[in-house]
>>> print(open('input.tsv').read())   # TSV, C-alpha atoms
chain	number	residue	atom	x	y	z
A	1	MET	CA	30.94	-6.82	-15.22
A	2	PRO	CA	30.52	-7.36	-11.48
A	3	ARG	CA	26.92	-7.82	-10.32
A	4	ARG	CA	27.07	-4.87	-7.89
A	5	LEU	CA	28.28	-2.47	-10.64
A	6	ARG	CA	25.63	-3.76	-13.07
A	7	THR	CA	22.89	-3.24	-10.43
A	8	GLY	CA	24.15	0.29	-9.69
A	9	LEU	CA	24.16	1.24	-13.39
A	10	LEU	CA	20.65	-0.17	-13.84
A	11	LEU	CA	19.39	1.83	-10.86
A	12	LEU	CA	21.03	5.00	-12.21
A	13	ALA	CA	19.44	4.44	-15.62
A	14	LEU	CA	16.02	4.16	-13.97
A	15	VAL	CA	16.41	7.22	-11.70
A	16	ALA	CA	18.12	9.67	-14.11
A	17	PRO	CA	15.02	10.35	-16.28
A	18	ILE	CA	12.95	11.04	-13.15
A	19	ALA	CA	15.53	13.52	-11.81
A	20	THR	CA	15.61	15.31	-15.16
A	21	ALA	CA	11.82	15.58	-15.24
A	22	LEU	CA	11.82	17.15	-11.78
A	23	THR	CA	14.25	19.91	-12.77
A	24	ALA	CA	12.83	20.83	-16.18
A	25	GLU	CA	9.67	22.90	-16.63
A	26	ALA	CA	7.58	21.18	-19.29
A	27	GLY	CA	5.87	23.57	-21.64
A	28	LEU	CA	8.00	26.68	-21.14
A	29	ARG	CA	10.33	27.70	-23.96
A	30	VAL	CA	12.81	30.58	-24.18
A	31	ASP	CA	13.37	32.20	-27.58
A	32	HIS	CA	15.52	35.07	-28.87
A	33	ALA	CA	17.47	35.64	-25.64
A	34	TRP	CA	20.05	38.40	-26.06
A	35	LEU	CA	21.85	41.15	-24.18
A	36	ARG	CA	23.75	44.28	-25.07
A	37	ASN	CA	27.48	44.25	-24.47
A	38	ALA	CA	28.17	46.21	-21.28
A	39	GLY	CA	31.40	47.57	-22.80
A	40	PRO	CA	34.85	47.67	-21.21
A	41	GLY	CA	34.58	47.93	-17.44
A	42	GLY	CA	30.78	47.61	-17.54
A	43	ARG	CA	29.37	45.83	-14.49
A	44	ILE	CA	25.67	45.88	-15.49
A	45	ALA	CA	23.89	44.30	-18.46
A	46	VAL	CA	20.29	43.54	-19.43
A	47	ILE	CA	18.87	40.36	-20.99
A	48	TYR	CA	15.80	40.41	-23.24
A	49	LEU	CA	13.91	37.31	-24.42
A	50	GLN	CA	10.54	35.73	-25.18
A	51	LEU	CA	8.88	33.14	-22.95
A	52	HIS	CA	6.38	30.79	-24.62
A	53	ASN	CA	4.08	28.58	-22.56
A	54	THR	CA	2.86	25.65	-24.63
A	55	SER	CA	1.18	23.93	-21.69
A	56	ARG	CA	-2.44	24.10	-20.52
A	57	LYS	CA	-1.62	25.77	-17.21
A	58	PRO	CA	0.02	29.07	-16.25
A	59	ILE	CA	3.73	28.91	-15.42
A	60	VAL	CA	5.20	31.37	-12.92
A	61	VAL	CA	8.86	32.41	-13.22
A	62	THR	CA	10.23	33.51	-9.85
A	63	ALA	CA	14.00	33.87	-10.27
A	64	VAL	CA	16.91	33.91	-12.70
A	65	GLU	CA	20.48	32.71	-12.28
A	66	VAL	CA	23.36	33.77	-14.52
A	67	PRO	CA	26.85	32.48	-13.64
A	68	ILE	CA	28.75	35.61	-14.75
A	69	ALA	CA	26.74	38.00	-12.52
A	70	THR	CA	26.60	38.32	-8.75
A	71	SER	CA	22.89	39.11	-9.08
A	72	ALA	CA	20.22	38.57	-11.75
A	73	GLN	CA	16.76	40.06	-11.18
A	74	ILE	CA	13.61	40.40	-13.23
A	75	HIS	CA	12.66	44.08	-13.52
A	76	ARG	CA	9.92	46.06	-15.21
A	77	SER	CA	10.49	49.52	-16.68
A	78	SER	CA	7.59	51.92	-17.00
A	79	VAL	CA	6.98	55.61	-17.57
A	80	VAL	CA	5.08	57.34	-14.78
A	81	GLY	CA	4.49	61.09	-14.90
A	82	GLY	CA	7.01	61.45	-17.71
A	83	MET	CA	9.75	59.69	-15.73
A	84	THR	CA	11.09	56.23	-16.42
A	85	ARG	CA	11.00	53.92	-13.42
A	86	MET	CA	12.38	50.45	-12.94
A	87	ARG	CA	11.10	48.08	-10.28
A	88	PRO	CA	11.86	44.46	-9.38
A	89	GLU	CA	9.22	42.00	-10.55
A	90	PRO	CA	9.15	39.12	-8.03
A	91	ARG	CA	7.17	36.81	-10.32
A	92	VAL	CA	6.16	36.70	-13.96
A	93	VAL	CA	3.09	34.69	-14.93
A	94	VAL	CA	3.18	33.17	-18.42
A	95	PRO	CA	-0.46	32.28	-19.17
A	96	ALA	CA	-1.32	28.90	-20.68
A	97	GLY	CA	-0.84	28.92	-24.44
A	98	ARG	CA	0.55	32.48	-24.42
A	99	SER	CA	3.86	34.32	-24.61
A	100	VAL	CA	5.50	37.04	-22.52
A	101	GLN	CA	7.98	39.44	-24.09
A	102	PHE	CA	11.01	40.79	-22.21
A	103	ALA	CA	11.97	43.88	-24.25
A	104	PRO	CA	13.50	47.35	-23.89
A	105	GLY	CA	11.09	49.62	-22.02
A	106	GLY	CA	9.31	46.71	-20.28
A	107	LEU	CA	10.23	43.44	-18.63
A	108	HIS	CA	13.92	42.54	-18.62
A	109	ILE	CA	16.52	40.62	-16.64
A	110	MET	CA	19.00	42.94	-14.95
A	111	LEU	CA	22.49	41.51	-14.45
A	112	MET	CA	24.55	43.23	-11.78
A	113	GLY	CA	28.14	42.64	-10.76
A	114	LEU	CA	29.43	41.12	-13.99
A	115	SER	CA	32.51	39.04	-13.20
A	116	ARG	CA	34.26	39.87	-16.47
A	117	PRO	CA	33.89	41.88	-19.69
A	118	LEU	CA	31.53	40.48	-22.33
A	119	ARG	CA	32.50	39.79	-25.93
A	120	ASP	CA	30.20	40.43	-28.91
A	121	GLY	CA	28.92	37.09	-30.21
A	122	GLU	CA	29.50	35.32	-26.87
A	123	ARG	CA	26.76	33.05	-25.52
A	124	ILE	CA	25.82	33.47	-21.85
A	125	PRO	CA	23.99	30.61	-20.07
A	126	LEU	CA	21.02	31.40	-17.85
A	127	ARG	CA	18.51	29.48	-15.75
A	128	LEU	CA	14.96	30.57	-15.05
A	129	LEU	CA	13.38	29.08	-11.93
A	130	THR	CA	9.66	28.54	-11.56
A	131	GLU	CA	7.21	28.49	-8.70
A	132	SER	CA	6.78	24.73	-9.17
A	133	ASN	CA	10.56	24.22	-8.68
A	134	GLY	CA	11.13	23.72	-12.39
A	135	THR	CA	14.16	25.01	-14.27
A	136	ILE	CA	14.46	26.36	-17.79
A	137	HIS	CA	17.96	26.51	-19.30
A	138	ALA	CA	18.68	29.01	-22.05
A	139	VAL	CA	21.54	30.86	-23.70
A	140	ALA	CA	21.62	34.61	-24.41
A	141	LEU	CA	23.65	36.04	-27.30
A	142	VAL	CA	25.82	39.10	-26.55
A	143	ARG	CA	25.16	41.83	-29.13
A	144	PRO	CA	27.05	45.11	-29.60
A	145	LEU	CA	26.17	48.03	-27.31
A	146	SER	CA	24.34	49.69	-30.24
A	147	ALA	CA	21.92	46.74	-30.72
A	148	GLN	CA	18.20	47.43	-30.67
>>> encode(input="input.tsv", output="structure tokens")
Amino acid sequence: MPRRLRTGLLLLALVAPIATALTAEAGLRVDHAWLRNAGPGGRIAVIYLQLHNTSRKPIVVTAVEVPIATSAQIHRSSVVGGMTRMRPEPRVVVPAGRSVQFAPGGLHIMLMGLSRPLRDGERIPLRLLTESNGTIHAVALVRPLSAQ
């Protein structure tokens, strides 16, 4: 193997773990990510999940990216004066050693502008971005429209 190639491979081997550490958010785990099938022609879907912070410091989620949607936003539903309201949630704090639930009637990830129909059983990749520039990769399972 030429010396220049060997040196380049060695340098890559040394730098790759550092680059990975900079893009992953240590201590934040995503569990039970799922979404209801939007149905034929549906252009909006909602992802639910659980975030678990196993670290000793709060972690703040600031954005979500989903490749099959033109927009993915964290929203919070609430009932005010007997009417259901939904508002964007610009940041979600996951306290140290605690969990945050994204569930119907509360926090959720709203997908808008779906690029194609979803299929029951399909797995949709998503990325959560944090205030500290970390990234959490997860996969959400598509369930039937009737799923609770």
>>> atom_distance(input="input.tsv", atom1="atom CA of Val64 of chain A", atom2="atom CA of Ile109 of chain A")
7.8 Å
>>> residues_around(input="input.tsv", residues="segment 66-73 of chain A", least_positions_apart="6", cutoff="8 Å", atoms="all atoms listed in the file", output="ChimeraX atom specification")
/A:88-89,109-116,124-127
>>> residues_near_point(input="input.tsv", point="(0.8, 36.0, -13.9)", cutoff="12 Å", atoms="all atoms listed in the file", output="list of chain:residue names")
A:Asn53, A:Lys57, A:Pro58, A:Ile59, A:Val60, A:Val61, A:Thr62, A:Glu89, A:Pro90, A:Arg91, A:Val92, A:Val93, A:Val94, A:Pro95, A:Ala96, A:Arg98, A:Ser99, A:Val100, A:Thr130, A:Glu131
>>> closest_atom_pairs(input="input.tsv", of="segment 73-148 of chain A", to="segment 34-46 of chain A", cutoff="12 Å", atoms="all atoms listed in the file", output="Markdown table")
| residue | atom | partner | partner_atom | distance |
| --- | --- | --- | --- | --- |
| A:Gln73 | CA | A:Val46 | CA | 9.6 |
| A:Ile74 | CA | A:Val46 | CA | 9.6 |
| A:His75 | CA | A:Val46 | CA | 9.7 |
| A:Arg76 | CA | A:Val46 | CA | 11.5 |
| A:Ser77 | CA | A:Val46 | CA | 11.8 |
| A:Phe102 | CA | A:Val46 | CA | 10.1 |
| A:Ala103 | CA | A:Val46 | CA | 9.6 |
| A:Pro104 | CA | A:Val46 | CA | 9.0 |
| A:Gly105 | CA | A:Val46 | CA | 11.3 |
| A:Gly106 | CA | A:Val46 | CA | 11.5 |
| A:Leu107 | CA | A:Val46 | CA | 10.1 |
| A:His108 | CA | A:Val46 | CA | 6.5 |
| A:Ile109 | CA | A:Val46 | CA | 5.5 |
| A:Met110 | CA | A:Val46 | CA | 4.7 |
| A:Leu111 | CA | A:Ala45 | CA | 5.1 |
| A:Met112 | CA | A:Ile44 | CA | 4.7 |
| A:Gly113 | CA | A:Arg43 | CA | 5.1 |
| A:Leu114 | CA | A:Arg43 | CA | 4.7 |
| A:Ser115 | CA | A:Arg43 | CA | 7.6 |
| A:Arg116 | CA | A:Arg43 | CA | 8.0 |
| A:Pro117 | CA | A:Pro40 | CA | 6.1 |
| A:Leu118 | CA | A:Asn37 | CA | 5.9 |
| A:Arg119 | CA | A:Asn37 | CA | 6.9 |
| A:Asp120 | CA | A:Asn37 | CA | 6.5 |
| A:Gly121 | CA | A:Asn37 | CA | 9.3 |
| A:Glu122 | CA | A:Asn37 | CA | 9.5 |
| A:Arg123 | CA | A:Trp34 | CA | 8.6 |
| A:Ile124 | CA | A:Trp34 | CA | 8.7 |
| A:Pro125 | CA | A:Trp34 | CA | 10.6 |
| A:Leu126 | CA | A:Trp34 | CA | 10.8 |
| A:Ala138 | CA | A:Trp34 | CA | 10.3 |
| A:Val139 | CA | A:Trp34 | CA | 8.0 |
| A:Ala140 | CA | A:Trp34 | CA | 4.4 |
| A:Leu141 | CA | A:Trp34 | CA | 4.5 |
| A:Val142 | CA | A:Leu35 | CA | 5.1 |
| A:Arg143 | CA | A:Arg36 | CA | 4.9 |
| A:Pro144 | CA | A:Asn37 | CA | 5.2 |
| A:Leu145 | CA | A:Asn37 | CA | 4.9 |
| A:Ser146 | CA | A:Arg36 | CA | 7.5 |
| A:Ala147 | CA | A:Arg36 | CA | 6.4 |
| A:Gln148 | CA | A:Arg36 | CA | 8.5 |
>>> residues_around(input="input.tsv", residues="Glu25 of chain A", least_positions_apart="2", cutoff="7 Å", atoms="all atoms listed in the file", output="list in words")
Thr23, Gly27, Leu28, Gly134, Thr135 and Ile136 of chain A
>>> atom_distance(input="input.tsv", atom1="atom CA of His32 of chain A", atom2="atom CA of Thr54 of chain A")
16.3 Å
>>> build_atoms(input="input.tsv", residues="segment 85-110 of chain A", atoms="N, CA, C and O atoms", output="PDB file, keeping the file's coordinate frame")
ATOM      1  N   ARG A  85      10.743  54.596 -14.679  1.00  0.00           N
ATOM      2  CA  ARG A  85      11.000  53.920 -13.420  1.00  0.00           C
ATOM      3  C   ARG A  85      11.280  52.450 -13.690  1.00  0.00           C
ATOM      4  O   ARG A  85      10.752  51.883 -14.635  1.00  0.00           O
ATOM      5  N   MET A  86      12.083  51.871 -12.819  1.00  0.00           N
ATOM      6  CA  MET A  86      12.380  50.450 -12.940  1.00  0.00           C
ATOM      7  C   MET A  86      12.169  49.835 -11.556  1.00  0.00           C
ATOM      8  O   MET A  86      12.689  50.327 -10.562  1.00  0.00           O
ATOM      9  N   ARG A  87      11.393  48.756 -11.537  1.00  0.00           N
ATOM     10  CA  ARG A  87      11.100  48.080 -10.280  1.00  0.00           C
ATOM     11  C   ARG A  87      11.304  46.578 -10.432  1.00  0.00           C
ATOM     12  O   ARG A  87      11.037  46.008 -11.494  1.00  0.00           O
ATOM     13  N   PRO A  88      11.754  45.934  -9.337  1.00  0.00           N
ATOM     14  CA  PRO A  88      11.860  44.460  -9.380  1.00  0.00           C
ATOM     15  C   PRO A  88      10.486  43.835  -9.577  1.00  0.00           C
ATOM     16  O   PRO A  88       9.479  44.343  -9.078  1.00  0.00           O
ATOM     17  N   GLU A  89      10.448  42.762 -10.300  1.00  0.00           N
ATOM     18  CA  GLU A  89       9.220  42.000 -10.550  1.00  0.00           C
ATOM     19  C   GLU A  89       9.430  40.625  -9.927  1.00  0.00           C
ATOM     20  O   GLU A  89      10.139  39.785 -10.482  1.00  0.00           O
ATOM     21  N   PRO A  90       8.850  40.366  -8.743  1.00  0.00           N
ATOM     22  CA  PRO A  90       9.150  39.120  -8.030  1.00  0.00           C
ATOM     23  C   PRO A  90       8.666  37.852  -8.720  1.00  0.00           C
ATOM     24  O   PRO A  90       9.189  36.773  -8.478  1.00  0.00           O
ATOM     25  N   ARG A  91       7.670  37.983  -9.602  1.00  0.00           N
ATOM     26  CA  ARG A  91       7.170  36.810 -10.320  1.00  0.00           C
ATOM     27  C   ARG A  91       6.558  37.261 -11.640  1.00  0.00           C
ATOM     28  O   ARG A  91       5.949  38.323 -11.717  1.00  0.00           O
ATOM     29  N   VAL A  92       6.737  36.435 -12.643  1.00  0.00           N
ATOM     30  CA  VAL A  92       6.160  36.700 -13.960  1.00  0.00           C
ATOM     31  C   VAL A  92       5.302  35.501 -14.334  1.00  0.00           C
ATOM     32  O   VAL A  92       5.799  34.379 -14.410  1.00  0.00           O
ATOM     33  N   VAL A  93       4.021  35.746 -14.549  1.00  0.00           N
ATOM     34  CA  VAL A  93       3.090  34.690 -14.930  1.00  0.00           C
ATOM     35  C   VAL A  93       3.044  34.616 -16.459  1.00  0.00           C
ATOM     36  O   VAL A  93       2.773  35.612 -17.124  1.00  0.00           O
ATOM     37  N   VAL A  94       3.310  33.413 -16.981  1.00  0.00           N
ATOM     38  CA  VAL A  94       3.180  33.170 -18.420  1.00  0.00           C
ATOM     39  C   VAL A  94       1.907  32.352 -18.581  1.00  0.00           C
ATOM     40  O   VAL A  94       1.866  31.166 -18.255  1.00  0.00           O
ATOM     41  N   PRO A  95       0.823  32.985 -19.063  1.00  0.00           N
ATOM     42  CA  PRO A  95      -0.460  32.280 -19.170  1.00  0.00           C
ATOM     43  C   PRO A  95      -0.387  31.066 -20.095  1.00  0.00           C
ATOM     44  O   PRO A  95       0.436  31.012 -21.016  1.00  0.00           O
ATOM     45  N   ALA A  96      -1.254  30.108 -19.851  1.00  0.00           N
ATOM     46  CA  ALA A  96      -1.320  28.900 -20.680  1.00  0.00           C
ATOM     47  C   ALA A  96      -1.517  29.277 -22.141  1.00  0.00           C
ATOM     48  O   ALA A  96      -2.364  30.115 -22.475  1.00  0.00           O
ATOM     49  N   GLY A  97      -0.712  28.694 -23.007  1.00  0.00           N
ATOM     50  CA  GLY A  97      -0.840  28.920 -24.440  1.00  0.00           C
ATOM     51  C   GLY A  97      -0.454  30.315 -24.907  1.00  0.00           C
ATOM     52  O   GLY A  97      -0.752  30.691 -26.040  1.00  0.00           O
ATOM     53  N   ARG A  98       0.211  31.098 -24.072  1.00  0.00           N
ATOM     54  CA  ARG A  98       0.550  32.480 -24.420  1.00  0.00           C
ATOM     55  C   ARG A  98       2.053  32.720 -24.315  1.00  0.00           C
ATOM     56  O   ARG A  98       2.802  31.865 -23.880  1.00  0.00           O
ATOM     57  N   SER A  99       2.458  33.920 -24.671  1.00  0.00           N
ATOM     58  CA  SER A  99       3.860  34.320 -24.610  1.00  0.00           C
ATOM     59  C   SER A  99       3.992  35.607 -23.799  1.00  0.00           C
ATOM     60  O   SER A  99       3.053  36.398 -23.737  1.00  0.00           O
ATOM     61  N   VAL A 100       5.163  35.809 -23.224  1.00  0.00           N
ATOM     62  CA  VAL A 100       5.500  37.040 -22.520  1.00  0.00           C
ATOM     63  C   VAL A 100       6.804  37.549 -23.099  1.00  0.00           C
ATOM     64  O   VAL A 100       7.780  36.796 -23.216  1.00  0.00           O
ATOM     65  N   GLN A 101       6.816  38.816 -23.464  1.00  0.00           N
ATOM     66  CA  GLN A 101       7.980  39.440 -24.090  1.00  0.00           C
ATOM     67  C   GLN A 101       8.781  40.233 -23.058  1.00  0.00           C
ATOM     68  O   GLN A 101       8.221  41.052 -22.335  1.00  0.00           O
ATOM     69  N   PHE A 102      10.079  39.986 -22.990  1.00  0.00           N
ATOM     70  CA  PHE A 102      11.010  40.790 -22.210  1.00  0.00           C
ATOM     71  C   PHE A 102      11.718  41.667 -23.239  1.00  0.00           C
ATOM     72  O   PHE A 102      12.467  41.165 -24.073  1.00  0.00           O
ATOM     73  N   ALA A 103      11.476  42.989 -23.203  1.00  0.00           N
ATOM     74  CA  ALA A 103      11.970  43.880 -24.250  1.00  0.00           C
ATOM     75  C   ALA A 103      12.343  45.232 -23.657  1.00  0.00           C
ATOM     76  O   ALA A 103      11.878  45.590 -22.565  1.00  0.00           O
ATOM     77  N   PRO A 104      13.165  46.007 -24.377  1.00  0.00           N
ATOM     78  CA  PRO A 104      13.500  47.350 -23.890  1.00  0.00           C
ATOM     79  C   PRO A 104      12.229  48.141 -23.570  1.00  0.00           C
ATOM     80  O   PRO A 104      11.246  48.085 -24.309  1.00  0.00           O
ATOM     81  N   GLY A 105      12.240  48.827 -22.441  1.00  0.00           N
ATOM     82  CA  GLY A 105      11.090  49.620 -22.020  1.00  0.00           C
ATOM     83  C   GLY A 105      10.044  48.835 -21.251  1.00  0.00           C
ATOM     84  O   GLY A 105       9.007  49.374 -20.877  1.00  0.00           O
ATOM     85  N   GLY A 106      10.278  47.549 -20.990  1.00  0.00           N
ATOM     86  CA  GLY A 106       9.310  46.710 -20.280  1.00  0.00           C
ATOM     87  C   GLY A 106      10.024  45.726 -19.379  1.00  0.00           C
ATOM     88  O   GLY A 106      10.966  46.084 -18.673  1.00  0.00           O
ATOM     89  N   LEU A 107       9.569  44.479 -19.414  1.00  0.00           N
ATOM     90  CA  LEU A 107      10.230  43.440 -18.630  1.00  0.00           C
ATOM     91  C   LEU A 107      11.639  43.185 -19.152  1.00  0.00           C
ATOM     92  O   LEU A 107      11.882  43.250 -20.364  1.00  0.00           O
ATOM     93  N   HIS A 108      12.554  42.903 -18.252  1.00  0.00           N
ATOM     94  CA  HIS A 108      13.920  42.540 -18.620  1.00  0.00           C
ATOM     95  C   HIS A 108      14.596  41.864 -17.436  1.00  0.00           C
ATOM     96  O   HIS A 108      14.086  41.897 -16.325  1.00  0.00           O
ATOM     97  N   ILE A 109      15.733  41.243 -17.694  1.00  0.00           N
ATOM     98  CA  ILE A 109      16.520  40.620 -16.640  1.00  0.00           C
ATOM     99  C   ILE A 109      17.769  41.474 -16.450  1.00  0.00           C
ATOM    100  O   ILE A 109      18.577  41.626 -17.375  1.00  0.00           O
ATOM    101  N   MET A 110      17.886  42.063 -15.269  1.00  0.00           N
ATOM    102  CA  MET A 110      19.000  42.940 -14.950  1.00  0.00           C
ATOM    103  C   MET A 110      20.126  42.116 -14.337  1.00  0.00           C
ATOM    104  O   MET A 110      19.921  41.420 -13.339  1.00  0.00           O
TER     105      MET A 110
END
